[in-house]
Structure formats: structure tokens, C-alpha cells
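A.B. asks: There's a structure below that I have some questions on.
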Amino acid sequence: FQFTDNTQTTYGIIDSWLWDFGDGNIIGPATGNIFGAPGTSGSFDAPSHFYNEPGVYNVMLVSTNNLGCEDTMDHTIEVYPQPEANINFDFLCLDIPTNFNATTDLANVNSYNWLFDGVNPATGQQTQQLYNTPGDYIAALIVETDQNCKDTAILNFTIFPETIADAGLPGEMCLGSSIVLDASNSIGGAGAVFNSYQWEPSEFVVDDPTSSSPT
């Protein structure tokens with residue numbers, strides 16, 4: 001919260017301020033810049049104070065001029081909860097649409113703004129992007145509540161090259177004989193780890209049709 005003292009005096013000048021922010025934090029009376037006050041920064045005539053919890057607070061200001069004359073003002077403020085933005089996604093594969101979904105911890109979020117790689121804007125809680133070039137990308141999400149409270153989430157992700165399956169089949173084999181298949185040479189992009197295999201037709205597989213090297 002940004003506060004500013006607008007006190008006016010007929011005689012002398014305002015040179016001292018005391019602030020009670022209503023959350024147990026009191027600063028002053030003093031002048032100049034603020035140092036060593038938890039959650040408070042700026043100057044005594046225009047302090048910035050951070051509230052740890054949403055709620056209604058009564059803020060008191062005591063302004064004093066160089067002649068020793070002072071005045072007190074009370075003002076009630078309401079601190080609204082801050083949303084927390086999160087980005088969920090499904091696939092990060094080449095030439096397959098990636099679905100992005102925004103989630104927050106508040107029900108009163110009414111604005112979702114996306115920016116992909118700094119140039120591709122989108123709106124809405126869900127959006128979709130198609131990537132046809134492998135590489136590193138960035139998704140940014142800004143959510144805003146109906147009280148104009150905002151939060152930003154950043155997602156750095158990688159689109160890998162397409163997967164190319166390799167069954168390890170020999171050029172020739174004899175009728176009625178069996179061979180050991182091998183999918184270890186399949187390509188799935190840099191750093192890709194295959195976690196499932198399915199061989200078809202499975203009735204011709206002697207052992208496990210979900211193994212990487214069945215017979």
C-alpha cells in the first residue's frame with residue numbers, strides 16, 4: 001500500500017510524521033527516509049507498507065510542524081487477497097497442439113492474459129499453441145481479480161523433436177523362427193526417456209508386449 005501525507009499548515013512546515021498502519025506496525029515520529037522498519041519503505045511523508053494478511057485496517061497519521069503543532073487523521077482501508085497464478089499444460093510435443101490451463105487460488109479472478117515468447121498474446125483461462133520447431137519457449141500468464149489485484153506466472157519449457165519408433169527388425173528372417181525385437185534405437189528428442197511400449201499385433205509376441213525388447 002502506498003500512503004501520502006497531504007497535511008497542510010498555515011504556519012511553519014510539516015517536518016515530522018507518525019504512522020500507525022493498524023496491523024501492529026508503527027513508525028515515527030520522524031522525518032526523512034525510512035530504515036529498519038519491517039515491511040515498510042520510502043519516506044516518512046510517503047511510506048509504502050506491505051500487509052501480510054488481507055482484511056480491514058484502521059490507519060492513523062499524526063503530522064507535526066516545526067512549531068510543535070500537530071494533527072491526527074484516521075482512515076480505514078481494505079486489503080484484498082492476492083491471487084496466485086499457476087500454469088498447467090498437457091503435451092510438449094512437436095506438431096501436436098499444447099493445451100495451457102490457468103489455475104488460481106481465488107474464485108474472483110476475472111481476467112487471464114497470456115503472452116507466448118513475448119510476441120503471441122492470448123486471453124481466457126484455457127488457450128492452445130502449436131509448435132512446429134523444436135526449442136526452448138516461454139509462457140507468461142497474468143491473472144487479475146475484480147479488485148484489480150494481479151499475479152504473474154512464468155513457465156520455461158522445451159519442445160522436443162518428434163518421436164521416431166525403431167523396432168530393430170533384421171533385414172531377413174526364417175519362416176517360423178523367433179527374433180528379439182529392440183526399441184532402444186527409437187528417437188524421442190534430447191533427454192527423452194520412453195516409459196511405455198506397445199507392440200502390435202500383440203498375439204504374435206511370445207512374452208511381454210509392453211517390454212522394450214520382447215520376443
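To be explicit about the labels: the chains of the C-alpha cells are called A, B, and onward in the order shown, and within each one the residues are counted from 1, while ligands get numbers from 1 in the order they are shown.
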Need the shell around stretch 75-80 of chain A: protein/DNA/RNA residues with any atom at most 7 Å away, counting only C-alpha atoms. Skip same-chain ones fewer than 6 positions apart. Format as an mmCIF file with all heavy atoms, in the first residue's frame?
C.D. replies:
```cif
data_model
loop_
_atom_site.group_PDB
_atom_site.id
_atom_site.type_symbol
_atom_site.label_atom_id
_atom_site.label_comp_id
_atom_site.auth_asym_id
_atom_site.auth_seq_id
_atom_site.Cartn_x
_atom_site.Cartn_y
_atom_site.Cartn_z
ATOM 1 N N PRO A 54 -4.864 -10.232 4.199
ATOM 2 C CA PRO A 54 -5.989 -9.383 3.773
ATOM 3 C C PRO A 54 -6.873 -9.034 4.966
ATOM 4 O O PRO A 54 -6.874 -9.733 5.984
ATOM 5 C CB PRO A 54 -6.728 -10.279 2.769
ATOM 6 C CG PRO A 54 -6.359 -11.674 3.160
ATOM 7 C CD PRO A 54 -4.974 -11.605 3.697
ATOM 8 N N GLY A 55 -7.617 -7.954 4.823
ATOM 9 C CA GLY A 55 -8.502 -7.549 5.919
ATOM 10 C C GLY A 55 -8.748 -6.056 5.916
ATOM 11 O O GLY A 55 -8.307 -5.328 5.019
ATOM 12 N N VAL A 56 -9.461 -5.589 6.936
ATOM 13 C CA VAL A 56 -9.776 -4.168 7.106
ATOM 14 C C VAL A 56 -8.866 -3.607 8.192
ATOM 15 O O VAL A 56 -8.763 -4.169 9.292
ATOM 16 C CB VAL A 56 -11.256 -3.968 7.481
ATOM 17 C CG1 VAL A 56 -11.549 -2.497 7.728
ATOM 18 C CG2 VAL A 56 -12.155 -4.520 6.377
ATOM 19 N N TYR A 57 -8.195 -2.495 7.891
ATOM 20 C CA TYR A 57 -7.239 -1.890 8.815
ATOM 21 C C TYR A 57 -7.552 -0.416 9.004
ATOM 22 O O TYR A 57 -7.951 0.274 8.056
ATOM 23 C CB TYR A 57 -5.810 -2.034 8.287
ATOM 24 C CG TYR A 57 -5.359 -3.461 8.110
ATOM 25 C CD1 TYR A 57 -5.549 -4.133 6.901
ATOM 26 C CD2 TYR A 57 -4.752 -4.149 9.155
ATOM 27 C CE1 TYR A 57 -5.140 -5.448 6.738
ATOM 28 C CE2 TYR A 57 -4.333 -5.471 8.994
ATOM 29 C CZ TYR A 57 -4.533 -6.110 7.786
ATOM 30 O OH TYR A 57 -4.120 -7.418 7.626
ATOM 31 N N ASN A 58 -7.367 0.067 10.236
ATOM 32 C CA ASN A 58 -7.530 1.487 10.536
ATOM 33 C C ASN A 58 -6.150 2.127 10.615
ATOM 34 O O ASN A 58 -5.348 1.799 11.492
ATOM 35 C CB ASN A 58 -8.275 1.681 11.857
ATOM 36 C CG ASN A 58 -8.581 3.143 12.124
ATOM 37 O OD1 ASN A 58 -9.203 3.804 11.303
ATOM 38 N ND2 ASN A 58 -8.128 3.655 13.264
ATOM 39 N N VAL A 59 -5.863 3.016 9.678
ATOM 40 C CA VAL A 59 -4.552 3.661 9.594
ATOM 41 C C VAL A 59 -4.629 5.045 10.224
ATOM 42 O O VAL A 59 -5.549 5.826 9.930
ATOM 43 C CB VAL A 59 -4.093 3.776 8.125
ATOM 44 C CG1 VAL A 59 -2.722 4.447 8.043
ATOM 45 C CG2 VAL A 59 -4.048 2.402 7.480
ATOM 46 N N MET A 60 -3.670 5.344 11.107
ATOM 47 C CA MET A 60 -3.632 6.646 11.770
ATOM 48 C C MET A 60 -2.354 7.389 11.397
ATOM 49 O O MET A 60 -1.271 6.799 11.363
ATOM 50 C CB MET A 60 -3.691 6.483 13.286
ATOM 51 C CG MET A 60 -3.725 7.813 14.039
ATOM 52 S SD MET A 60 -3.695 7.605 15.843
ATOM 53 C CE MET A 60 -2.002 7.054 16.089
#
```
A.B. asks: Would you pick out the contacts of A:Leu115 at 12 Å or less, using only C-alpha atoms, so that residues sharing its chain but fewer than 6 positions from it are not included, and give the list as a list of chain:residue names?
C.D. replies: A:Phe100, A:Pro121, A:Ala122, A:Thr123, A:Gly124, A:Thr127, A:Gln128, A:Gln129, A:Tyr137, A:Ile138, A:Ala139, A:Ala140, A:Leu141, A:Ile142, A:Val143, A:Thr152, A:Ala153, A:Ile154, A:Leu155
A.B. asks: Identify, with DSSP run on backbone atoms, the residues in stretch 82-182 of chain A assigned to strand (DSSP E), and express the list as a VMD selection string.
C.D. replies: chain A and resid 86 to 89 98 to 103 109 to 116 120 to 123 126 to 129 135 to 145 150 to 159
A.B. asks: Quick one: write out the picked residues with C-alpha atoms as a PDB file, in the first residue's frame?
C.D. replies:
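Saved as selection_34.pdb:
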```pdb
ATOM      1  CA  ASN A  86      -0.226 -21.223 -11.971  1.00  0.00           C
ATOM      2  CA  ILE A  87       0.199 -22.715 -15.465  1.00  0.00           C
ATOM      3  CA  ASN A  88      -0.740 -26.302 -16.277  1.00  0.00           C
ATOM      4  CA  PHE A  89      -0.175 -27.986 -19.640  1.00  0.00           C
ATOM      5  CA  THR A  98      -0.276 -27.885 -26.491  1.00  0.00           C
ATOM      6  CA  ASN A  99      -3.169 -27.007 -24.184  1.00  0.00           C
ATOM      7  CA  PHE A 100      -2.372 -24.450 -21.488  1.00  0.00           C
ATOM      8  CA  ASN A 101      -4.677 -24.041 -18.484  1.00  0.00           C
ATOM      9  CA  ALA A 102      -4.574 -21.260 -15.882  1.00  0.00           C
ATOM     10  CA  THR A 103      -5.363 -22.043 -12.251  1.00  0.00           C
ATOM     11  CA  VAL A 109     -10.310 -13.868 -10.901  1.00  0.00           C
ATOM     12  CA  ASN A 110     -11.938 -12.337 -13.978  1.00  0.00           C
ATOM     13  CA  SER A 111      -9.003 -11.760 -16.315  1.00  0.00           C
ATOM     14  CA  TYR A 112      -6.460 -14.155 -17.826  1.00  0.00           C
ATOM     15  CA  ASN A 113      -3.849 -12.732 -20.194  1.00  0.00           C
ATOM     16  CA  TRP A 114      -1.179 -14.881 -21.852  1.00  0.00           C
ATOM     17  CA  LEU A 115       1.986 -13.996 -23.701  1.00  0.00           C
ATOM     18  CA  PHE A 116       3.977 -16.669 -25.502  1.00  0.00           C
ATOM     19  CA  ASN A 120       1.958 -14.141 -29.180  1.00  0.00           C
ATOM     20  CA  PRO A 121      -0.854 -12.864 -26.935  1.00  0.00           C
ATOM     21  CA  ALA A 122      -3.938 -14.842 -25.878  1.00  0.00           C
ATOM     22  CA  THR A 123      -6.791 -14.472 -23.389  1.00  0.00           C
ATOM     23  CA  GLN A 126      -7.552 -22.052 -21.429  1.00  0.00           C
ATOM     24  CA  THR A 127      -5.574 -21.495 -24.589  1.00  0.00           C
ATOM     25  CA  GLN A 128      -3.755 -23.595 -27.169  1.00  0.00           C
ATOM     26  CA  GLN A 129      -0.465 -23.214 -29.023  1.00  0.00           C
ATOM     27  CA  GLY A 135      13.469 -25.473 -28.981  1.00  0.00           C
ATOM     28  CA  ASP A 136      13.073 -23.604 -25.697  1.00  0.00           C
ATOM     29  CA  TYR A 137       9.994 -21.427 -25.179  1.00  0.00           C
ATOM     30  CA  ILE A 138       8.425 -19.173 -22.528  1.00  0.00           C
ATOM     31  CA  ALA A 139       4.786 -18.786 -21.492  1.00  0.00           C
ATOM     32  CA  ALA A 140       3.706 -15.879 -19.267  1.00  0.00           C
ATOM     33  CA  LEU A 141       0.318 -15.649 -17.545  1.00  0.00           C
ATOM     34  CA  ILE A 142      -1.149 -12.603 -15.772  1.00  0.00           C
ATOM     35  CA  VAL A 143      -4.302 -13.100 -13.697  1.00  0.00           C
ATOM     36  CA  GLU A 144      -6.357 -10.246 -12.234  1.00  0.00           C
ATOM     37  CA  THR A 145      -9.209 -10.201  -9.718  1.00  0.00           C
ATOM     38  CA  LYS A 150      -2.652  -9.239 -10.057  1.00  0.00           C
ATOM     39  CA  ASP A 151      -0.123 -12.043 -10.157  1.00  0.00           C
ATOM     40  CA  THR A 152       2.191 -13.351 -12.885  1.00  0.00           C
ATOM     41  CA  ALA A 153       3.368 -16.906 -13.566  1.00  0.00           C
ATOM     42  CA  ILE A 154       6.263 -17.756 -15.915  1.00  0.00           C
ATOM     43  CA  LEU A 155       6.775 -21.189 -17.492  1.00  0.00           C
ATOM     44  CA  ASN A 156      10.002 -22.147 -19.280  1.00  0.00           C
ATOM     45  CA  PHE A 157       9.620 -25.305 -21.347  1.00  0.00           C
ATOM     46  CA  THR A 158      11.164 -27.275 -24.201  1.00  0.00           C
ATOM     47  CA  ILE A 159       9.517 -28.636 -27.339  1.00  0.00           C
TER      48      ILE A 159
END
```
A.B. asks: Which residue gives the smallest distance to A:Leu130 among A:Ile13, A:Ala165, A:Leu92, A:Val180, with only C-alpha atoms counted?
C.D. replies: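 Using only C-alpha atoms, A:Leu130 sits closest to A:Leu92.
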A.B. asks: To one decimal in Å, tell me the separation between atom CA of A:Asn33 and atom CA of A:Ile14.
C.D. replies: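 Separation of atom CA of A:Asn33 and atom CA of A:Ile14: 14.9 Å.
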A.B. asks: Tell me which protein, DNA and RNA residues are within 12 Å of A:Pro38, counting only C-alpha atoms, leaving out same-chain ones fewer than 2 positions away, and put them as a list in words.
C.D. replies: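 The residues satisfying every condition are Asp23, Gly24, Asn25, Ile26, Ile27, Ile34, Phe35, Gly36, Thr40, Ser41, Gly42, Ser48, His49, Phe50, Tyr51 and Asn52 of chain A.
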A.B. asks: Let's have the selection written as an mmCIF file, in the first residue's frame, with N, CA and C atoms.
C.D. replies:
```cif
data_model
loop_
_atom_site.group_PDB
_atom_site.id
_atom_site.type_symbol
_atom_site.label_atom_id
_atom_site.label_comp_id
_atom_site.auth_asym_id
_atom_site.auth_seq_id
_atom_site.Cartn_x
_atom_site.Cartn_y
_atom_site.Cartn_z
ATOM 1 N N ASP A 23 -1.837 -2.743 11.780
ATOM 2 C CA ASP A 23 -1.504 -4.170 11.840
ATOM 3 C C ASP A 23 -0.428 -4.458 12.877
ATOM 4 N N GLY A 24 -0.246 -3.495 13.804
ATOM 5 C CA GLY A 24 0.782 -3.640 14.830
ATOM 6 C C GLY A 24 2.082 -2.961 14.492
ATOM 7 N N ASN A 25 2.213 -2.401 13.283
ATOM 8 C CA ASN A 25 3.428 -1.710 12.864
ATOM 9 C C ASN A 25 3.243 -0.209 12.970
ATOM 10 N N ILE A 26 4.121 0.448 13.744
ATOM 11 C CA ILE A 26 4.092 1.892 13.952
ATOM 12 C C ILE A 26 5.479 2.441 13.655
ATOM 13 N N ILE A 27 5.543 3.530 12.893
ATOM 14 C CA ILE A 27 6.819 4.183 12.611
ATOM 15 C C ILE A 27 6.721 5.658 12.970
ATOM 16 N N ILE A 34 12.946 6.035 5.463
ATOM 17 C CA ILE A 34 12.656 5.002 6.448
ATOM 18 C C ILE A 34 13.700 3.896 6.341
ATOM 19 N N PHE A 35 14.259 3.519 7.506
ATOM 20 C CA PHE A 35 15.226 2.431 7.542
ATOM 21 C C PHE A 35 14.879 1.486 8.692
ATOM 22 N N GLY A 36 15.066 0.192 8.477
ATOM 23 C CA GLY A 36 14.933 -0.781 9.544
ATOM 24 C C GLY A 36 13.525 -1.057 10.009
ATOM 25 N N THR A 40 8.093 -1.919 5.570
ATOM 26 C CA THR A 40 7.828 -0.504 5.280
ATOM 27 C C THR A 40 9.065 0.123 4.644
ATOM 28 N N SER A 41 8.849 0.927 3.609
ATOM 29 C CA SER A 41 9.959 1.585 2.919
ATOM 30 C C SER A 41 9.512 2.964 2.457
ATOM 31 N N GLY A 42 10.424 3.678 1.778
ATOM 32 C CA GLY A 42 10.093 5.021 1.294
ATOM 33 C C GLY A 42 10.497 6.080 2.300
ATOM 34 N N SER A 48 5.563 3.361 1.995
ATOM 35 C CA SER A 48 4.944 2.202 1.357
ATOM 36 C C SER A 48 4.971 1.059 2.365
ATOM 37 N N HIS A 49 3.794 0.465 2.621
ATOM 38 C CA HIS A 49 3.705 -0.574 3.659
ATOM 39 C C HIS A 49 3.092 -1.837 3.082
ATOM 40 N N PHE A 50 3.696 -2.975 3.435
ATOM 41 C CA PHE A 50 3.225 -4.278 2.972
ATOM 42 C C PHE A 50 2.420 -4.946 4.075
ATOM 43 N N TYR A 51 1.190 -5.374 3.734
ATOM 44 C CA TYR A 51 0.338 -6.091 4.670
ATOM 45 C C TYR A 51 0.439 -7.590 4.405
ATOM 46 N N ASN A 52 0.681 -8.364 5.472
ATOM 47 C CA ASN A 52 0.848 -9.811 5.331
ATOM 48 C C ASN A 52 -0.463 -10.550 5.144
#
```
